[in-house]
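Asks: final_6.cif is reproduced below (mmCIF, C-alpha atoms).
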```cif
data_my_file
#
loop_
_atom_site.group_PDB
_atom_site.id
_atom_site.type_symbol
_atom_site.label_atom_id
_atom_site.label_comp_id
_atom_site.auth_asym_id
_atom_site.auth_seq_id
_atom_site.Cartn_x
_atom_site.Cartn_y
_atom_site.Cartn_z
ATOM 1 C CA MET A 1438 147.067 129.001 49.766
ATOM 2 C CA ALA A 1439 145.375 129.186 46.366
ATOM 3 C CA ASP A 1440 146.148 131.925 43.867
ATOM 4 C CA ALA A 1441 143.651 134.731 44.480
ATOM 5 C CA ALA A 1442 143.054 134.934 40.719
ATOM 6 C CA ALA A 1443 142.057 131.266 40.554
ATOM 7 C CA VAL A 1444 138.433 131.656 41.600
ATOM 8 C CA GLN A 1445 136.340 128.511 41.785
ATOM 9 C CA GLU A 1446 132.641 129.343 41.607
ATOM 10 C CA THR A 1447 129.580 127.164 41.802
ATOM 11 C CA ILE A 1448 125.915 128.047 42.005
ATOM 12 C CA GLU A 1449 123.856 126.157 44.562
ATOM 13 C CA ALA A 1450 120.578 128.030 44.259
ATOM 14 C CA PRO A 1451 119.761 130.151 46.127
ATOM 15 C CA VAL A 1452 123.410 130.595 47.194
ATOM 16 C CA THR A 1453 126.424 131.348 44.988
ATOM 17 C CA VAL A 1454 129.637 129.832 46.292
ATOM 18 C CA SER A 1455 133.124 130.982 45.263
ATOM 19 C CA GLU A 1456 136.570 130.347 46.752
ATOM 20 C CA ALA A 1457 139.937 131.945 46.125
ATOM 21 C CA GLY A 1458 143.016 132.622 48.216
ATOM 22 C CA GLY A 1459 141.616 130.813 51.229
ATOM 23 C CA ILE A 1460 138.478 132.974 51.276
ATOM 24 C CA LEU A 1461 135.077 131.374 50.717
ATOM 25 C CA GLN A 1462 132.360 133.792 49.608
ATOM 26 C CA LEU A 1463 128.756 132.715 50.138
ATOM 27 C CA THR A 1464 126.373 135.024 48.291
ATOM 28 C CA LEU A 1465 122.644 135.089 49.013
ATOM 29 C CA ALA A 1466 121.269 135.011 45.482
ATOM 30 C CA SER A 1467 117.506 135.103 45.834
ATOM 31 C CA ALA A 1468 116.752 138.773 45.173
ATOM 32 C CA PRO A 1469 114.858 140.904 45.855
ATOM 33 C CA ALA A 1470 114.407 139.783 49.486
ATOM 34 C CA ASN A 1471 117.097 137.082 49.891
ATOM 35 C CA ALA A 1472 114.682 135.633 52.442
ATOM 36 C CA LEU A 1473 115.677 132.787 54.741
ATOM 37 C CA SER A 1474 113.430 130.195 53.163
ATOM 38 C CA ILE A 1475 113.964 126.529 53.956
ATOM 39 C CA ALA A 1476 115.957 126.228 50.710
ATOM 40 C CA MET A 1477 118.150 129.228 51.551
ATOM 41 C CA MET A 1478 118.911 128.048 55.081
ATOM 42 C CA GLU A 1479 119.671 124.494 53.959
ATOM 43 C CA ALA A 1480 121.990 125.789 51.227
ATOM 44 C CA LEU A 1481 123.860 128.043 53.664
ATOM 45 C CA LYS A 1482 124.111 125.351 56.323
ATOM 46 C CA GLY A 1483 125.364 122.846 53.761
ATOM 47 C CA ALA A 1484 128.044 125.224 52.472
ATOM 48 C CA LEU A 1485 129.192 125.943 56.019
ATOM 49 C CA GLU A 1486 129.385 122.242 56.840
ATOM 50 C CA ARG A 1487 131.503 121.515 53.752
ATOM 51 C CA ALA A 1488 133.832 124.396 54.606
ATOM 52 C CA ARG A 1489 134.389 123.065 58.122
ATOM 53 C CA ASP A 1490 136.831 120.364 57.032
ATOM 54 C CA ASP A 1491 138.125 122.068 53.884
ATOM 55 C CA ASP A 1492 141.729 123.060 54.619
ATOM 56 C CA ALA A 1493 141.723 125.392 51.613
ATOM 57 C CA VAL A 1494 139.141 127.611 53.355
ATOM 58 C CA ARG A 1495 140.541 129.949 56.002
ATOM 59 C CA VAL A 1496 137.804 132.614 56.216
ATOM 60 C CA ILE A 1497 134.168 132.857 55.099
ATOM 61 C CA VAL A 1498 132.504 136.028 53.772
ATOM 62 C CA LEU A 1499 128.707 136.128 53.734
ATOM 63 C CA ARG A 1500 127.312 138.618 51.208
ATOM 64 C CA SER A 1501 124.264 139.196 49.008
ATOM 65 C CA GLU A 1502 122.973 140.230 45.623
ATOM 66 C CA GLY A 1503 120.533 143.107 45.181
ATOM 67 C CA LYS A 1504 119.440 145.955 47.429
ATOM 68 C CA VAL A 1505 118.422 143.743 50.364
ATOM 69 C CA PHE A 1506 121.000 141.782 52.335
ATOM 70 C CA CYS A 1507 118.350 139.570 53.916
ATOM 71 C CA ALA A 1508 114.732 140.346 54.808
ATOM 72 C CA GLY A 1509 114.439 137.524 57.334
ATOM 73 C CA HIS A 1510 112.116 134.549 57.105
ATOM 74 C CA ASP A 1511 110.025 133.970 53.988
ATOM 75 C CA LEU A 1512 106.645 135.127 55.281
ATOM 76 C CA LYS A 1513 104.814 133.877 52.183
ATOM 77 C CA GLU A 1514 106.304 130.408 52.686
ATOM 78 C CA LEU A 1515 105.281 130.449 56.340
ATOM 79 C CA THR A 1516 101.784 131.768 55.636
ATOM 80 C CA ALA A 1517 101.121 129.084 52.997
ATOM 81 C CA HIS A 1518 101.350 126.443 55.723
ATOM 82 C CA ARG A 1519 98.513 127.953 57.745
ATOM 83 C CA ALA A 1520 96.338 125.807 55.487
ATOM 84 C CA ASP A 1521 97.906 122.664 56.988
ATOM 85 C CA ALA A 1522 95.841 120.529 59.353
ATOM 86 C CA ASP A 1523 97.854 121.812 62.335
ATOM 87 C CA ARG A 1524 97.636 125.440 61.079
ATOM 88 C CA GLY A 1525 101.338 125.339 60.281
ATOM 89 C CA ARG A 1526 102.717 124.453 63.712
ATOM 90 C CA GLU A 1527 104.990 121.639 62.464
ATOM 91 C CA PHE A 1528 106.363 123.744 59.594
ATOM 92 C CA PHE A 1529 106.870 126.768 61.835
ATOM 93 C CA GLU A 1530 108.862 124.639 64.268
ATOM 94 C CA GLU A 1531 110.935 123.157 61.432
ATOM 95 C CA THR A 1532 111.706 126.659 60.134
ATOM 96 C CA MET A 1533 112.665 128.137 63.495
ATOM 97 C CA ARG A 1534 114.786 125.149 64.490
ATOM 98 C CA LEU A 1535 116.593 125.169 61.139
ATOM 99 C CA CYS A 1536 117.261 128.893 61.544
ATOM 100 C CA ALA A 1537 118.534 128.427 65.093
ATOM 101 C CA GLY A 1538 120.803 125.645 63.857
ATOM 102 C CA LEU A 1539 122.151 127.840 61.056
ATOM 103 C CA MET A 1540 122.995 130.681 63.447
ATOM 104 C CA GLN A 1541 124.728 128.301 65.839
ATOM 105 C CA ALA A 1542 126.629 126.745 62.925
ATOM 106 C CA ILE A 1543 128.102 130.191 62.215
ATOM 107 C CA VAL A 1544 129.055 130.850 65.829
ATOM 108 C CA ARG A 1545 130.510 127.362 66.304
ATOM 109 C CA HIS A 1546 132.245 127.224 62.937
ATOM 110 C CA PRO A 1547 136.033 126.802 63.254
ATOM 111 C CA LYS A 1548 136.612 129.415 60.536
ATOM 112 C CA PRO A 1549 135.860 133.137 61.093
ATOM 113 C CA VAL A 1550 132.712 134.370 59.319
ATOM 114 C CA ILE A 1551 132.417 137.980 58.091
ATOM 115 C CA ALA A 1552 129.115 139.582 57.068
ATOM 116 C CA GLU A 1553 129.370 141.999 54.136
ATOM 117 C CA VAL A 1554 126.112 143.929 54.475
ATOM 118 C CA SER A 1555 124.812 145.751 51.449
ATOM 119 C CA GLY A 1556 121.285 147.104 51.862
ATOM 120 C CA VAL A 1557 118.634 146.101 54.369
ATOM 121 C CA ALA A 1558 118.966 143.386 57.033
ATOM 122 C CA THR A 1559 115.765 142.795 58.969
ATOM 123 C CA ALA A 1560 114.445 140.255 61.490
ATOM 124 C CA ALA A 1561 116.291 136.959 60.937
ATOM 125 C CA GLY A 1562 118.457 138.835 58.421
ATOM 126 C CA CYS A 1563 119.614 141.106 61.240
ATOM 127 C CA GLN A 1564 120.092 137.951 63.320
ATOM 128 C CA LEU A 1565 122.333 136.606 60.550
ATOM 129 C CA VAL A 1566 124.546 139.704 60.726
ATOM 130 C CA ALA A 1567 124.705 139.551 64.533
ATOM 131 C CA SER A 1568 125.671 135.870 64.412
ATOM 132 C CA CYS A 1569 128.747 136.513 62.271
ATOM 133 C CA ASP A 1570 132.103 137.134 63.934
ATOM 134 C CA LEU A 1571 132.651 140.438 62.125
ATOM 135 C CA ALA A 1572 130.390 142.677 60.035
ATOM 136 C CA VAL A 1573 131.137 145.407 57.510
ATOM 137 C CA ALA A 1574 128.258 147.571 56.274
ATOM 138 C CA GLY A 1575 127.789 149.896 53.345
ATOM 139 C CA GLU A 1576 126.731 153.452 54.153
ATOM 140 C CA ALA A 1577 123.201 152.757 52.881
ATOM 141 C CA ALA A 1578 122.740 149.609 54.970
ATOM 142 C CA ARG A 1579 119.863 149.562 57.436
ATOM 143 C CA PHE A 1580 118.877 147.173 60.191
ATOM 144 C CA ALA A 1581 115.710 146.305 62.100
ATOM 145 C CA THR A 1582 113.980 143.634 64.153
ATOM 146 C CA PRO A 1583 110.460 144.651 63.067
ATOM 147 C CA GLY A 1584 108.480 141.609 64.142
ATOM 148 C CA VAL A 1585 106.605 143.634 66.749
ATOM 149 C CA ASN A 1586 105.010 145.579 63.873
ATOM 150 C CA ILE A 1587 103.275 142.455 62.545
ATOM 151 C CA GLY A 1588 102.409 140.782 65.830
ATOM 152 C CA LEU A 1589 105.418 138.444 65.841
ATOM 153 C CA PHE A 1590 108.118 139.427 68.355
ATOM 154 C CA CYS A 1591 111.656 138.754 67.063
ATOM 155 C CA SER A 1592 112.400 136.269 69.835
ATOM 156 C CA THR A 1593 114.998 134.161 68.010
ATOM 157 C CA PRO A 1594 116.781 137.176 66.450
ATOM 158 C CA MET A 1595 116.867 138.550 69.999
ATOM 159 C CA VAL A 1596 119.337 135.813 71.009
ATOM 160 C CA ALA A 1597 122.057 136.947 68.605
ATOM 161 C CA LEU A 1598 121.205 140.643 68.910
ATOM 162 C CA SER A 1599 121.367 140.702 72.724
ATOM 163 C CA ARG A 1600 124.766 138.999 72.647
ATOM 164 C CA ASN A 1601 126.233 141.701 70.409
ATOM 165 C CA VAL A 1602 124.757 145.028 71.517
ATOM 166 C CA SER A 1603 123.856 146.453 74.911
ATOM 167 C CA ARG A 1604 120.555 145.428 76.510
ATOM 168 C CA LYS A 1605 119.095 148.902 76.135
ATOM 169 C CA HIS A 1606 119.990 149.047 72.437
ATOM 170 C CA ALA A 1607 118.668 145.535 71.847
ATOM 171 C CA MET A 1608 115.400 146.362 73.573
ATOM 172 C CA GLU A 1609 115.092 149.609 71.614
ATOM 173 C CA MET A 1610 115.271 147.680 68.358
ATOM 174 C CA LEU A 1611 113.014 144.857 69.535
ATOM 175 C CA LEU A 1612 110.307 147.000 71.136
ATOM 176 C CA THR A 1613 110.066 149.735 68.496
ATOM 177 C CA GLY A 1614 110.690 147.640 65.385
ATOM 178 C CA GLU A 1615 112.142 150.775 63.819
ATOM 179 C CA MET A 1616 114.909 150.793 61.231
ATOM 180 C CA ILE A 1617 118.351 152.024 62.254
ATOM 181 C CA ASP A 1618 120.948 153.300 59.814
ATOM 182 C CA ALA A 1619 124.469 151.983 59.390
ATOM 183 C CA GLN A 1620 126.111 154.615 61.608
ATOM 184 C CA THR A 1621 123.666 153.832 64.416
ATOM 185 C CA ALA A 1622 124.381 150.112 63.967
ATOM 186 C CA LEU A 1623 128.079 150.959 64.295
ATOM 187 C CA SER A 1624 127.490 152.918 67.502
ATOM 188 C CA PHE A 1625 125.374 150.034 68.864
ATOM 189 C CA GLY A 1626 128.194 147.564 68.153
ATOM 190 C CA LEU A 1627 126.209 145.550 65.600
ATOM 191 C CA VAL A 1628 128.816 146.156 62.868
ATOM 192 C CA ASN A 1629 132.579 146.766 62.891
ATOM 193 C CA ARG A 1630 132.904 149.222 59.997
ATOM 194 C CA VAL A 1631 130.730 151.440 57.837
ATOM 195 C CA VAL A 1632 132.216 152.253 54.429
ATOM 196 C CA PRO A 1633 131.103 153.662 51.070
ATOM 197 C CA GLN A 1634 129.259 151.102 48.956
ATOM 198 C CA GLU A 1635 131.973 151.128 46.303
ATOM 199 C CA THR A 1636 134.598 149.977 48.811
ATOM 200 C CA LEU A 1637 132.387 147.544 50.759
ATOM 201 C CA ASN A 1638 133.559 144.319 49.155
ATOM 202 C CA GLN A 1639 137.201 145.374 49.244
ATOM 203 C CA THR A 1640 136.942 146.258 52.935
ATOM 204 C CA ALA A 1641 135.408 142.878 53.731
ATOM 205 C CA MET A 1642 138.069 141.147 51.636
ATOM 206 C CA ASN A 1643 140.840 143.105 53.367
ATOM 207 C CA PHE A 1644 139.549 141.817 56.707
ATOM 208 C CA ALA A 1645 139.362 138.305 55.274
ATOM 209 C CA GLN A 1646 142.849 138.406 53.746
ATOM 210 C CA THR A 1647 144.377 139.675 56.988
ATOM 211 C CA ILE A 1648 142.699 136.910 58.981
ATOM 212 C CA ALA A 1649 143.526 134.261 56.359
ATOM 213 C CA SER A 1650 147.223 135.025 56.820
ATOM 214 C CA LYS A 1651 147.106 133.786 60.434
ATOM 215 C CA SER A 1652 147.500 130.238 61.719
ATOM 216 C CA PRO A 1653 144.240 128.357 61.020
ATOM 217 C CA LEU A 1654 144.718 126.323 64.193
ATOM 218 C CA THR A 1655 145.142 129.472 66.286
ATOM 219 C CA LEU A 1656 142.002 131.005 64.773
ATOM 220 C CA LYS A 1657 140.013 127.853 65.509
ATOM 221 C CA ILE A 1658 141.236 127.713 69.114
ATOM 222 C CA GLY A 1659 140.624 131.413 69.674
ATOM 223 C CA LYS A 1660 137.143 131.587 68.171
ATOM 224 C CA GLU A 1661 135.931 128.577 70.131
ATOM 225 C CA ALA A 1662 137.399 129.939 73.362
ATOM 226 C CA PHE A 1663 135.943 133.418 72.811
ATOM 227 C CA TYR A 1664 132.351 132.216 72.666
ATOM 228 C CA ALA A 1665 132.826 129.618 75.395
ATOM 229 C CA GLN A 1666 134.289 132.009 77.979
ATOM 230 C CA ALA A 1667 131.669 134.657 77.238
ATOM 231 C CA GLU A 1668 129.043 132.428 78.856
ATOM 232 C CA MET A 1669 131.115 131.747 82.003
ATOM 233 C CA ALA A 1670 131.579 133.455 85.355
ATOM 234 C CA LEU A 1671 134.836 135.420 85.680
ATOM 235 C CA SER A 1672 136.842 132.871 87.682
ATOM 236 C CA GLN A 1673 135.586 129.989 85.542
ATOM 237 C CA ALA A 1674 136.479 131.914 82.390
ATOM 238 C CA TYR A 1675 140.049 132.450 83.603
ATOM 239 C CA ASP A 1676 140.439 128.797 84.618
ATOM 240 C CA TYR A 1677 139.193 127.744 81.195
ATOM 241 C CA THR A 1678 141.347 130.174 79.200
ATOM 242 C CA VAL A 1679 144.479 129.257 81.203
ATOM 243 C CA ARG A 1680 143.991 125.687 79.983
ATOM 244 C CA VAL A 1681 143.361 126.919 76.448
ATOM 245 C CA MET A 1682 146.531 129.055 76.484
ATOM 246 C CA VAL A 1683 148.681 126.139 77.707
ATOM 247 C CA GLU A 1684 147.335 123.800 75.032
ATOM 248 C CA ASN A 1685 147.811 126.530 72.435
ATOM 249 C CA MET A 1686 151.425 126.995 73.575
ATOM 250 C CA MET A 1687 152.011 123.280 72.958
ATOM 251 C CA ALA A 1688 150.920 123.589 69.318
ATOM 252 C CA ARG A 1689 153.555 123.583 66.588
ATOM 253 C CA ASP A 1690 152.126 126.793 65.113
ATOM 254 C CA ALA A 1691 152.663 128.625 68.406
ATOM 255 C CA GLU A 1692 156.233 127.339 68.555
ATOM 256 C CA GLU A 1693 156.759 128.435 64.954
ATOM 257 C CA GLY A 1694 155.075 131.816 65.415
ATOM 258 C CA ILE A 1695 157.037 132.732 68.536
ATOM 259 C CA GLY A 1696 160.258 131.511 66.940
ATOM 260 C CA ALA A 1697 159.576 133.552 63.804
ATOM 261 C CA PHE A 1698 158.879 136.665 65.897
ATOM 262 C CA ILE A 1699 162.156 136.273 67.823
ATOM 263 C CA GLU A 1700 164.082 135.552 64.621
ATOM 264 C CA LYS A 1701 162.383 138.438 62.758
ATOM 265 C CA ARG A 1702 161.054 136.320 59.890
ATOM 266 C CA ALA A 1703 157.668 135.411 58.466
ATOM 267 C CA PRO A 1704 156.071 132.340 60.083
ATOM 268 C CA GLU A 1705 155.196 129.243 58.092
ATOM 269 C CA TRP A 1706 151.915 127.888 59.410
ATOM 270 C CA LYS A 1707 151.203 124.172 59.369
ATOM 271 C CA GLY A 1708 147.851 124.205 61.105
ATOM 272 C CA LYS A 1709 149.177 121.892 63.823
#
```
Since I need it in another form, could you write the structure as structure tokens?

Replies:
Amino acid sequence: MADAAAVQETIEAPVTVSEAGGILQLTLASAPANALSIAMMEALKGALERARDDDAVRVIVLRSEGKVFCAGHDLKELTAHRADADRGREFFEETMRLCAGLMQAIVRHPKPVIAEVSGVATAAGCQLVASCDLAVAGEAARFATPGVNIGLFCSTPMVALSRNVSRKHAMEMLLTGEMIDAQTALSFGLVNRVVPQETLNQTAMNFAQTIASKSPLTLKIGKEAFYAQAEMALSQAYDYTVRVMVENMMARDAEEGIGAFIEKRAPEWKGK
């Protein structure tokens, strides 16, 4: 694993990319709104795709610059295409499909993805948080799916939201469009932790460092199985996870990890 002090940083506007100690940080760098424009979504999707096969990356942290984590789709970009011959239909479909692909790329990514939420996350920005495996929020963070307020129901954000919070809480957010604070988001199950702003990055990095110390193969197997079984009936889920457990037991990392536990030593992961 790379020395944590040896940070490699590149800027791929509108996303800043840095990697150190097995942790890849992707920073939304298009303040003030950090909107999910076509450029932003393509940059994020590209960074995620490159990280997929990069053995140096164990965990991904998604963060932002400025007071807004992500305000959702770029409404000015969308509105500009109403002047198109088809009143924007083709561009709207391109935008929504790209966004749906980005969210699925996070869920299906073999590496865990942590959202570090500073400020406001609304609409597709809230969807982005809900799509991540874990989320840590600053005390001033706020969340909303406010599409209903402008005549555009948050139907695609609803997919991620409804898979992370209870139906009643999801419907409350979707039907009212009202902002909820960080503590309410915690009680809804949208985020894992709420911490003071000054400790937000360190809390997210602590999560990332803990996860990065585990077997990368085990994390990949477990994340894939978690989302797969969640969509299955109970008996099917158990049949599936029995097979997953057996295959996992056959892995060298499982043999090493169990052996290390019995021998009271630190395991040496090979990712195999």

Asks: What gap, in Å, lies between atom CA of A:Val1557 and atom CA of A:Asn1471?

Replies: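 Computing it gives 10.2 Å between the two atoms.
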
Asks: Tell me which residues come within 9 Å of (127.8, 137.1, 65.4), as a VMD selection string, counting all atoms listed in the file in the file's coordinates.

Replies: chain A and resid 1540 1543 to 1544 1550 to 1552 1564 to 1572 1597 to 1598 1600 to 1601 1627

Asks: Could you please determine the separation between atom CA of A:Glu1668 and atom CA of A:Leu1654 in Å, to one decimal place?

Replies: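 Those two atoms sit 22.3 Å apart.
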
Asks: Around (122.7, 150.4, 49.6), as given in the file, which residues come within 8 Å? Count all atoms listed in the file and list them as a ChimeraX atom specification.

Replies: /A:1504-1505,1555-1557,1575-1578,1634

Asks: Pull C-alpha atoms from the residues just selected and write them as a compact mmCIF listing (two decimals), in the coordinates of the input.

Replies:
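part36.txt was written with the following content:
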```txt
# COMPACT_ATOMS: atom_id res chain seq x y z
CA LYS A 1504 119.44 145.96 47.43
CA VAL A 1505 118.42 143.74 50.36
CA SER A 1555 124.81 145.75 51.45
CA GLY A 1556 121.28 147.10 51.86
CA VAL A 1557 118.63 146.10 54.37
CA GLY A 1575 127.79 149.90 53.34
CA GLU A 1576 126.73 153.45 54.15
CA ALA A 1577 123.20 152.76 52.88
CA ALA A 1578 122.74 149.61 54.97
CA GLN A 1634 129.26 151.10 48.96
```

Asks: Quick one: pull the distance between atom CA of A:Asp1490 and atom CA of A:Gly1696, Å, one decimal.

Replies: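 Atom CA of A:Gly1696 lies at a distance of 27.8 Å from atom CA of A:Asp1490.
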
Asks: With all atoms listed in the file as the atoms that count, which of A:Asn1629, A:Gln1639, A:Leu1473, A:Val1554 lies nearest to A:Lys1513?

Replies: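 Of A:Asn1629, A:Gln1639, A:Leu1473, A:Val1554, the one nearest A:Lys1513 is A:Leu1473, counting all atoms listed in the file.
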
Asks: Quick check on the file I pasted: which residues fall under the PyMOL selection byres ((chain A and resi 1709) around 9)? Write them as number ranges by chain.

Replies: A: 1652-1655, 1688-1691, 1706-1708

Asks: Enumerate, as a VMD selection string, the residues matched when the PyMOL selection byres ((chain A and resi 1559) around 8) is run on the file above.

Replies: chain A and resid 1507 to 1509 1557 to 1558 1560 to 1564 1580 to 1583

Asks: Under the rule that only C-alpha atoms are counted, which of A:Phe1529, A:Glu1553, A:Thr1621, A:Thr1613 is the nearest residue to A:Asn1643?

Replies: A:Glu1553

Asks: Kindly indicate which residue among A:Val1573, A:Ala1488, A:Leu1465, A:Ala1670 lies nearest to A:Phe1506, using all atoms listed in the file for the distances.

Replies: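 For A:Phe1506, the nearest of the candidates is A:Leu1465.
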
Asks: Within 10 Å of stretch 1449-1461 of chain A, counting only C-alpha atoms, which residues show up once you throw out same-chain ones fewer than 5 positions away? Write them as a ChimeraX atom specification, please.

Replies: /A:1438-1444,1466-1468,1471-1474,1476-1481,1483-1485,1488,1491-1502,1550,1642,1645-1646,1648-1650

Asks: Nearest residue to A:Arg1487 out of A:Ala1542, A:Leu1512, A:Leu1671, A:Val1628, using all atoms listed in the file?

Replies: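 For A:Arg1487, the nearest of the candidates is A:Ala1542.
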
Asks: Can you work out which one of A:Ala1641, A:Ile1658, A:Gly1584, A:Val1679 has the shortest atom-to-atom distance to A:Gln1462, counting only C-alpha atoms?

Replies: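 Smallest distance to A:Gln1462 is found for A:Ala1641.
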
Asks: Output the residue selection produced by the PyMOL selection byres ((chain A and resi 1528) around 12) on the file above, formatted as a list of chain:residue names.

Replies: A:Ser1474, A:Ile1475, A:Glu1514, A:Leu1515, A:Thr1516, A:Ala1517, A:His1518, A:Arg1519, A:Ala1520, A:Asp1521, A:Ala1522, A:Asp1523, A:Arg1524, A:Gly1525, A:Arg1526, A:Glu1527, A:Phe1529, A:Glu1530, A:Glu1531, A:Thr1532, A:Met1533, A:Arg1534, A:Leu1535

Asks: Could you write stretch 1580-1592 of chain A of the block just shown to a file containing N, CA, C and O atoms, as a compact mmCIF listing (two decimals), in the first residue's frame?

Replies:
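Writing the result to out-v1.txt gives the following:
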```txt
# COMPACT_ATOMS: atom_id res chain seq x y z
N PHE A 1580 -30.32 17.88 3.19
CA PHE A 1580 -30.67 16.99 2.09
C PHE A 1580 -32.10 17.25 1.65
O PHE A 1580 -32.97 17.55 2.47
N ALA A 1581 -32.35 17.09 0.35
CA ALA A 1581 -33.73 17.24 -0.15
C ALA A 1581 -33.85 16.62 -1.53
O ALA A 1581 -32.87 16.50 -2.27
N THR A 1582 -35.07 16.20 -1.85
CA THR A 1582 -35.43 15.82 -3.22
C THR A 1582 -36.55 16.78 -3.62
O THR A 1582 -37.74 16.44 -3.55
N PRO A 1583 -36.18 18.00 -4.02
CA PRO A 1583 -37.15 19.10 -4.16
C PRO A 1583 -37.78 19.24 -5.54
O PRO A 1583 -38.41 20.26 -5.82
N GLY A 1584 -37.64 18.23 -6.38
CA GLY A 1584 -38.18 18.36 -7.72
C GLY A 1584 -39.65 18.72 -7.77
O GLY A 1584 -40.09 19.46 -8.67
N VAL A 1585 -40.42 18.21 -6.81
CA VAL A 1585 -41.86 18.48 -6.78
C VAL A 1585 -42.14 19.98 -6.70
O VAL A 1585 -43.20 20.45 -7.16
N ASN A 1586 -41.19 20.76 -6.18
CA ASN A 1586 -41.39 22.20 -6.05
C ASN A 1586 -41.30 22.93 -7.39
O ASN A 1586 -41.78 24.06 -7.51
N ILE A 1587 -40.67 22.29 -8.39
CA ILE A 1587 -40.52 22.94 -9.69
C ILE A 1587 -41.20 22.15 -10.80
O ILE A 1587 -40.89 22.31 -11.98
N GLY A 1588 -42.13 21.28 -10.40
CA GLY A 1588 -42.89 20.54 -11.40
C GLY A 1588 -42.15 19.36 -12.02
O GLY A 1588 -42.52 18.89 -13.09
N LEU A 1589 -41.10 18.89 -11.36
CA LEU A 1589 -40.30 17.79 -11.90
C LEU A 1589 -40.03 16.78 -10.78
O LEU A 1589 -39.08 16.94 -10.02
N PHE A 1590 -40.88 15.78 -10.66
CA PHE A 1590 -40.75 14.80 -9.57
C PHE A 1590 -39.39 14.11 -9.65
O PHE A 1590 -38.92 13.77 -10.74
N CYS A 1591 -38.76 13.91 -8.50
CA CYS A 1591 -37.42 13.29 -8.44
C CYS A 1591 -37.53 11.77 -8.62
O CYS A 1591 -37.26 10.99 -7.70
N SER A 1592 -37.91 11.36 -9.82
CA SER A 1592 -38.17 9.94 -10.07
C SER A 1592 -36.90 9.10 -10.09
O SER A 1592 -36.89 7.99 -9.56
```
